[in-house]
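One file, upload22.pdb, is given below (PDB, C-alpha atoms, pLDDT in the B column).
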ATOM      1  CA  MET B   1     156.881  92.180   5.070  1.00 69.00           C
ATOM      2  CA  ILE B   2     153.502  90.630   4.159  1.00 78.00           C
ATOM      3  CA  PRO B   3     154.954  87.730   2.091  1.00 83.00           C
ATOM      4  CA  TYR B   4     157.274  86.821   4.966  1.00 89.00           C
ATOM      5  CA  LEU B   5     154.413  86.887   7.446  1.00 90.00           C
ATOM      6  CA  PHE B   6     152.294  84.742   5.123  1.00 90.00           C
ATOM      7  CA  ALA B   7     155.181  82.297   4.670  1.00 91.00           C
ATOM      8  CA  GLY B   8     155.607  82.140   8.445  1.00 93.00           C
ATOM      9  CA  PHE B   9     151.926  81.392   9.052  1.00 93.00           C
ATOM     10  CA  ALA B  10     151.908  78.855   6.202  1.00 93.00           C
ATOM     11  CA  GLY B  11     155.034  77.153   7.533  1.00 94.00           C
ATOM     12  CA  VAL B  12     153.602  76.899  11.039  1.00 95.00           C
ATOM     13  CA  LEU B  13     150.358  75.563   9.560  1.00 94.00           C
ATOM     14  CA  VAL B  14     152.092  72.835   7.541  1.00 95.00           C
ATOM     15  CA  VAL B  15     154.444  71.775  10.349  1.00 95.00           C
ATOM     16  CA  SER B  16     151.710  71.714  12.994  1.00 93.00           C
ATOM     17  CA  GLY B  17     149.432  69.800  10.605  1.00 92.00           C
ATOM     18  CA  LEU B  18     152.124  67.184  10.065  1.00 93.00           C
ATOM     19  CA  LEU B  19     152.824  66.948  13.800  1.00 92.00           C
ATOM     20  CA  THR B  20     149.096  66.517  14.400  1.00 89.00           C
ATOM     21  CA  ILE B  21     149.100  63.461  12.177  1.00 89.00           C
ATOM     22  CA  LEU B  22     152.461  62.000  13.159  1.00 89.00           C
ATOM     23  CA  HIS B  23     152.426  62.421  16.957  1.00 84.00           C
ATOM     24  CA  LYS B  24     151.478  59.311  18.927  1.00 79.00           C
ATOM     25  CA  ASN B  25     149.990  61.090  21.953  1.00 78.00           C
ATOM     26  CA  ALA B  26     146.391  62.115  21.189  1.00 76.00           C
ATOM     27  CA  VAL B  27     146.389  65.098  23.559  1.00 76.00           C
ATOM     28  CA  THR B  28     149.569  66.526  22.046  1.00 82.00           C
ATOM     29  CA  SER B  29     148.143  65.964  18.564  1.00 83.00           C
ATOM     30  CA  ALA B  30     145.030  67.898  19.540  1.00 81.00           C
ATOM     31  CA  LEU B  31     147.177  70.777  20.805  1.00 83.00           C
ATOM     32  CA  PHE B  32     149.109  70.835  17.525  1.00 89.00           C
ATOM     33  CA  LEU B  33     145.740  70.980  15.774  1.00 87.00           C
ATOM     34  CA  VAL B  34     144.863  74.061  17.835  1.00 86.00           C
ATOM     35  CA  LEU B  35     148.129  75.641  16.662  1.00 90.00           C
ATOM     36  CA  ALA B  36     147.203  74.799  13.066  1.00 91.00           C
ATOM     37  CA  PHE B  37     143.777  76.398  13.516  1.00 89.00           C
ATOM     38  CA  CYS B  38     145.324  79.558  14.957  1.00 89.00           C
ATOM     39  CA  SER B  39     147.857  79.885  12.140  1.00 93.00           C
ATOM     40  CA  LEU B  40     145.041  79.421   9.611  1.00 91.00           C
ATOM     41  CA  ALA B  41     143.177  82.223  11.390  1.00 90.00           C
ATOM     42  CA  GLY B  42     146.282  84.386  10.943  1.00 91.00           C
ATOM     43  CA  ILE B  43     146.243  83.683   7.210  1.00 92.00           C
ATOM     44  CA  TYR B  44     142.563  84.631   7.076  1.00 90.00           C
ATOM     45  CA  LEU B  45     143.348  87.896   8.843  1.00 88.00           C
ATOM     46  CA  MET B  46     146.101  88.665   6.346  1.00 89.00           C
ATOM     47  CA  LEU B  47     143.692  88.051   3.470  1.00 86.00           C
ATOM     48  CA  GLY B  48     141.270  90.594   4.894  1.00 83.00           C
ATOM     49  CA  ALA B  49     138.701  88.035   6.032  1.00 82.00           C
ATOM     50  CA  GLU B  50     138.526  89.118   9.661  1.00 83.00           C
ATOM     51  CA  PHE B  51     135.178  87.419  10.262  1.00 81.00           C
ATOM     52  CA  LEU B  52     136.506  84.042   9.082  1.00 83.00           C
ATOM     53  CA  GLY B  53     139.633  84.471  11.184  1.00 85.00           C
ATOM     54  CA  MET B  54     137.661  85.146  14.342  1.00 84.00           C
ATOM     55  CA  VAL B  55     135.200  82.333  13.619  1.00 83.00           C
ATOM     56  CA  GLN B  56     138.165  80.023  13.058  1.00 83.00           C
ATOM     57  CA  VAL B  57     139.529  80.821  16.507  1.00 83.00           C
ATOM     58  CA  ILE B  58     136.207  80.869  18.356  1.00 82.00           C
ATOM     59  CA  VAL B  59     134.523  77.860  16.761  1.00 81.00           C
ATOM     60  CA  TYR B  60     137.358  75.529  15.816  1.00 80.00           C
ATOM     61  CA  ALA B  61     140.211  76.344  18.174  1.00 75.00           C
ATOM     62  CA  GLY B  62     137.754  77.016  20.978  1.00 77.00           C
ATOM     63  CA  ALA B  63     134.637  74.886  20.931  1.00 78.00           C
ATOM     64  CA  ILE B  64     135.548  71.957  18.672  1.00 76.00           C
ATOM     65  CA  MET B  65     138.968  71.420  20.233  1.00 75.00           C
ATOM     66  CA  VAL B  66     137.487  71.520  23.739  1.00 75.00           C
ATOM     67  CA  LEU B  67     135.129  68.789  22.574  1.00 74.00           C
ATOM     68  CA  PHE B  68     138.017  66.767  21.090  1.00 76.00           C
ATOM     69  CA  LEU B  69     140.126  67.091  24.222  1.00 72.00           C
ATOM     70  CA  PHE B  70     137.124  66.188  26.401  1.00 73.00           C
ATOM     71  CA  VAL B  71     136.506  63.013  24.410  1.00 71.00           C
ATOM     72  CA  VAL B  72     140.211  62.104  24.322  1.00 72.00           C
ATOM     73  CA  MET B  73     140.543  62.543  28.072  1.00 70.00           C
ATOM     74  CA  LEU B  74     137.270  60.702  28.687  1.00 70.00           C
ATOM     75  CA  LEU B  75     138.264  57.729  26.567  1.00 68.00           C
ATOM     76  CA  ASN B  76     141.762  57.649  28.054  1.00 63.00           C
ATOM     77  CA  ALA B  77     143.140  57.548  24.495  1.00 51.00           C
ATOM     78  CA  PRO B  78     146.894  57.516  25.105  1.00 50.00           C
ATOM     79  CA  HIS B  79     147.226  53.766  25.601  1.00 56.00           C
ATOM     80  CA  GLU B  80     149.963  51.424  24.576  1.00 57.00           C
ATOM     81  CA  GLU B  81     149.383  49.435  21.396  1.00 59.00           C
ATOM     82  CA  THR B  82     150.233  45.763  21.568  1.00 63.00           C
ATOM     83  CA  GLU B  83     151.280  43.399  18.803  1.00 64.00           C
ATOM     84  CA  TYR B  84     147.737  42.005  18.811  1.00 63.00           C
ATOM     85  CA  ASP B  85     146.332  45.494  18.131  1.00 60.00           C
ATOM     86  CA  GLU B  86     148.728  45.928  15.210  1.00 61.00           C
ATOM     87  CA  ARG B  87     147.776  42.520  13.752  1.00 64.00           C
ATOM     88  CA  VAL B  88     143.995  42.891  13.912  1.00 66.00           C
ATOM     89  CA  HIS B  89     143.610  46.615  13.253  1.00 63.00           C
ATOM     90  CA  PRO B  90     141.659  46.904   9.980  1.00 63.00           C
ATOM     91  CA  LEU B  91     143.512  49.997   8.761  1.00 62.00           C
ATOM     92  CA  LEU B  92     146.904  48.284   9.014  1.00 65.00           C
ATOM     93  CA  ARG B  93     146.020  45.646   6.427  1.00 70.00           C
ATOM     94  CA  PRO B  94     147.543  45.942   2.923  1.00 75.00           C
ATOM     95  CA  GLY B  95     144.339  47.101   1.175  1.00 77.00           C
ATOM     96  CA  PRO B  96     143.642  50.181   3.305  1.00 75.00           C
ATOM     97  CA  MET B  97     147.356  51.022   3.395  1.00 76.00           C
ATOM     98  CA  ARG B  98     147.507  51.014  -0.423  1.00 82.00           C
ATOM     99  CA  LEU B  99     144.334  53.114  -0.630  1.00 85.00           C
ATOM    100  CA  GLY B 100     145.807  55.620   1.837  1.00 80.00           C
ATOM    101  CA  GLY B 101     149.019  55.788  -0.184  1.00 83.00           C
ATOM    102  CA  LEU B 102     147.038  56.312  -3.384  1.00 87.00           C
ATOM    103  CA  LEU B 103     144.995  59.106  -1.785  1.00 84.00           C
ATOM    104  CA  ALA B 104     148.177  60.746  -0.475  1.00 85.00           C
ATOM    105  CA  LEU B 105     149.709  60.594  -3.958  1.00 89.00           C
ATOM    106  CA  ALA B 106     146.544  62.115  -5.463  1.00 88.00           C
ATOM    107  CA  LEU B 107     146.717  64.922  -2.888  1.00 83.00           C
ATOM    108  CA  VAL B 108     150.346  65.679  -3.760  1.00 86.00           C
ATOM    109  CA  VAL B 109     149.565  65.703  -7.497  1.00 88.00           C
ATOM    110  CA  GLU B 110     146.563  67.977  -7.011  1.00 85.00           C
ATOM    111  CA  LEU B 111     148.477  70.367  -4.762  1.00 80.00           C
ATOM    112  CA  SER B 112     151.390  70.576  -7.178  1.00 84.00           C
ATOM    113  CA  TRP B 113     148.979  71.214 -10.069  1.00 81.00           C
ATOM    114  CA  ALA B 114     147.169  73.940  -8.117  1.00 75.00           C
ATOM    115  CA  LEU B 115     150.420  75.642  -7.119  1.00 76.00           C
ATOM    116  CA  THR B 116     152.021  75.557 -10.563  1.00 81.00           C
ATOM    117  CA  ARG B 117     149.119  76.483 -12.809  1.00 75.00           C
ATOM    118  CA  SER B 118     149.137  79.966 -14.170  1.00 66.00           C
ATOM    119  CA  GLY B 119     145.904  81.848 -14.040  1.00 62.00           C
ATOM    120  CA  ASP B 120     144.192  84.888 -12.731  1.00 59.00           C
ATOM    121  CA  SER B 121     143.892  84.516  -8.992  1.00 58.00           C
ATOM    122  CA  GLY B 122     142.732  88.044  -8.381  1.00 58.00           C
ATOM    123  CA  ARG B 123     140.119  89.349  -6.013  1.00 59.00           C
ATOM    124  CA  PHE B 124     136.605  88.020  -5.684  1.00 53.00           C
ATOM    125  CA  PRO B 125     133.902  89.707  -7.712  1.00 59.00           C
ATOM    126  CA  ALA B 126     132.076  92.494  -5.891  1.00 60.00           C
ATOM    127  CA  GLY B 127     128.927  90.409  -5.349  1.00 60.00           C
ATOM    128  CA  ALA B 128     130.793  87.567  -3.651  1.00 58.00           C
ATOM    129  CA  VAL B 129     131.802  89.550  -0.585  1.00 54.00           C
ATOM    130  CA  MET B 130     128.999  90.105   1.910  1.00 65.00           C
ATOM    131  CA  SER B 131     128.853  91.878   5.215  1.00 75.00           C
ATOM    132  CA  VAL B 132     128.898  90.003   8.484  1.00 74.00           C
ATOM    133  CA  ARG B 133     125.242  90.941   8.967  1.00 80.00           C
ATOM    134  CA  ALA B 134     124.323  89.323   5.629  1.00 80.00           C
ATOM    135  CA  ILE B 135     126.314  86.199   6.481  1.00 76.00           C
ATOM    136  CA  GLY B 136     124.568  85.930   9.860  1.00 77.00           C
ATOM    137  CA  ARG B 137     121.134  86.495   8.365  1.00 81.00           C
ATOM    138  CA  SER B 138     121.789  83.847   5.698  1.00 80.00           C
ATOM    139  CA  LEU B 139     123.160  81.401   8.261  1.00 77.00           C
ATOM    140  CA  PHE B 140     120.190  81.649  10.592  1.00 78.00           C
ATOM    141  CA  THR B 141     117.456  81.837   7.929  1.00 83.00           C
ATOM    142  CA  ASP B 142     118.476  79.929   4.792  1.00 84.00           C
ATOM    143  CA  TYR B 143     120.853  77.513   6.528  1.00 80.00           C
ATOM    144  CA  ALA B 144     119.219  77.186   9.968  1.00 80.00           C
ATOM    145  CA  PHE B 145     118.317  73.513   9.503  1.00 82.00           C
ATOM    146  CA  PRO B 146     121.828  72.328   8.452  1.00 79.00           C
ATOM    147  CA  PHE B 147     123.292  74.452  11.261  1.00 75.00           C
ATOM    148  CA  GLU B 148     121.077  72.726  13.849  1.00 80.00           C
ATOM    149  CA  VAL B 149     121.680  69.273  12.350  1.00 79.00           C
ATOM    150  CA  THR B 150     125.426  69.823  12.673  1.00 78.00           C
ATOM    151  CA  SER B 151     125.103  70.785  16.333  1.00 76.00           C
ATOM    152  CA  ILE B 152     122.932  67.711  17.010  1.00 80.00           C
ATOM    153  CA  LEU B 153     125.479  65.509  15.214  1.00 79.00           C
ATOM    154  CA  ILE B 154     128.272  66.830  17.448  1.00 75.00           C
ATOM    155  CA  LEU B 155     126.112  66.257  20.539  1.00 77.00           C
ATOM    156  CA  VAL B 156     125.329  62.668  19.494  1.00 78.00           C
ATOM    157  CA  ALA B 157     129.040  61.991  18.889  1.00 75.00           C
ATOM    158  CA  MET B 158     129.890  63.268  22.353  1.00 73.00           C
ATOM    159  CA  LEU B 159     127.145  61.162  23.957  1.00 75.00           C
ATOM    160  CA  GLY B 160     128.395  58.117  22.049  1.00 74.00           C
ATOM    161  CA  ALA B 161     131.911  58.670  23.372  1.00 70.00           C
ATOM    162  CA  VAL B 162     130.571  58.973  26.921  1.00 70.00           C
ATOM    163  CA  LEU B 163     128.601  55.743  26.557  1.00 71.00           C
ATOM    164  CA  LEU B 164     131.589  53.889  25.088  1.00 67.00           C
ATOM    165  CA  ALA B 165     133.816  55.020  27.937  1.00 65.00           C
ATOM    166  CA  ARG B 166     131.164  54.076  30.491  1.00 62.00           C
ATOM    167  CA  ARG B 167     130.816  50.529  29.086  1.00 56.00           C
ATOM    168  CA  GLU B 168     134.581  49.984  29.124  1.00 52.00           C
ATOM    169  CA  GLY B 169     134.741  51.159  32.725  1.00 50.00           C
ATOM    170  CA  ARG B 170     132.123  48.621  33.861  1.00 51.00           C
ATOM    171  CA  GLY B 171     133.600  45.609  32.093  1.00 46.00           C
TER     172      GLY B 171
END
Written form, structure tokens:
Amino acid sequence: MIPYLFAGFAGVLVVSGLLTILHKNAVTSALFLVLAFCSLAGIYLMLGAEFLGMVQVIVYAGAIMVLFLFVVMLLNAPHEETEYDERVHPLLRPGPMRLGGLLALALVVELSWALTRSGDSGRFPAGAVMSVRAIGRSLFTDYAFPFEVTSILILVAMLGAVLLARREGRG
């Protein structure tokens, strides 16, 4: 039963990840990303990492995706691309396209190597697993500064999106 459930979550994760990338509507892509986050949380729950599963749902599927959808709606992202946009877009030039293809090929090679190698993939050593209390204490004492910098970075990104949308509305 467990391998079938894992395969189901993994299949949903892969398909929703691909649909996130391939869908043209930004809002629909964001919703597929939420589905990917939730299926990843299901995999975490199956692996016995309940804390990571709940954090995955609360932080990523909840807070971060609300921020993404807010910015997408604010910027009015689903717009029609013209031939001019396709000609001048810097990522559609041959150099970045080749680099993207090379990176995709490297990802496929690395994934196939990781899936086919034989090795001991047993449980973590006893010292690697901490309680939720220890994780929280470490997060808010040892890693308090990076935690706050990350939240400020997200806030600055949101303010930048608001300012960009405001300038476009005036002009």
For this session: Rounded to one decimal place, report the atom CA of Gly42 of chain B-atom CA of Leu115 of chain B distance in Å.
Result: 20.5 Å
For this session: Mind giving me the straight-line distance from atom CA of Ala36 of chain B to atom CA of Thr20 of chain B in Å, one decimal?
Result: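 Separation of atom CA of Ala36 of chain B and atom CA of Thr20 of chain B: 8.6 Å.
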Exercise. For Ala26 of chain B, which of B:Ala7, B:Val149, B:Val59, B:Met73 is the closest residue, counting all atoms listed in the file?
Worked result: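 That would be B:Met73, the residue with the smallest distance to Ala26 of chain B.
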Problem set entry | For atom CA of Leu40 of chain B and atom CA of Leu13 of chain B, the interatomic separation in Å (one decimal) |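 These atoms are spaced 6.6 Å apart.
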Exercise. Using all atoms listed in the file, which of the listed residues (B:Val156, B:Leu35, B:Val27, B:Leu102) sits closest to Val14 of chain B?
Worked result: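 Closest to Val14 of chain B of all the choices is B:Leu35.
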For this session: Translate the PyMOL selection byres ((chain B and resi 30) around 12), as applied to the file shown, into an explicit residue set as an NGL selection string.
Result: :B and (16-29 or 31-37 or 60-62 or 64-73 or 77-78)
Go ahead and save the residues from that selection, with C-alpha atoms, as a short mmCIF file (atom, residue, chain, number, x, y, z; two decimals), in the frame of the given file.
data_model
loop_
_atom_site.label_atom_id
_atom_site.label_comp_id
_atom_site.auth_asym_id
_atom_site.auth_seq_id
_atom_site.Cartn_x
_atom_site.Cartn_y
_atom_site.Cartn_z
CA SER B 16 151.71 71.71 12.99
CA GLY B 17 149.43 69.80 10.60
CA LEU B 18 152.12 67.18 10.06
CA LEU B 19 152.82 66.95 13.80
CA THR B 20 149.10 66.52 14.40
CA ILE B 21 149.10 63.46 12.18
CA LEU B 22 152.46 62.00 13.16
CA HIS B 23 152.43 62.42 16.96
CA LYS B 24 151.48 59.31 18.93
CA ASN B 25 149.99 61.09 21.95
CA ALA B 26 146.39 62.12 21.19
CA VAL B 27 146.39 65.10 23.56
CA THR B 28 149.57 66.53 22.05
CA SER B 29 148.14 65.96 18.56
CA LEU B 31 147.18 70.78 20.80
CA PHE B 32 149.11 70.83 17.52
CA LEU B 33 145.74 70.98 15.77
CA VAL B 34 144.86 74.06 17.84
CA LEU B 35 148.13 75.64 16.66
CA ALA B 36 147.20 74.80 13.07
CA PHE B 37 143.78 76.40 13.52
CA TYR B 60 137.36 75.53 15.82
CA ALA B 61 140.21 76.34 18.17
CA GLY B 62 137.75 77.02 20.98
CA ILE B 64 135.55 71.96 18.67
CA MET B 65 138.97 71.42 20.23
CA VAL B 66 137.49 71.52 23.74
CA LEU B 67 135.13 68.79 22.57
CA PHE B 68 138.02 66.77 21.09
CA LEU B 69 140.13 67.09 24.22
CA PHE B 70 137.12 66.19 26.40
CA VAL B 71 136.51 63.01 24.41
CA VAL B 72 140.21 62.10 24.32
CA MET B 73 140.54 62.54 28.07
CA ALA B 77 143.14 57.55 24.50
CA PRO B 78 146.89 57.52 25.10
#
Problem set entry | Resolved residues for the PyMOL selection byres ((chain B and resi 47-55) around 12) as a ChimeraX atom specification | /B:2-3,5-6,9,37-46,56-64,122-124,129-136
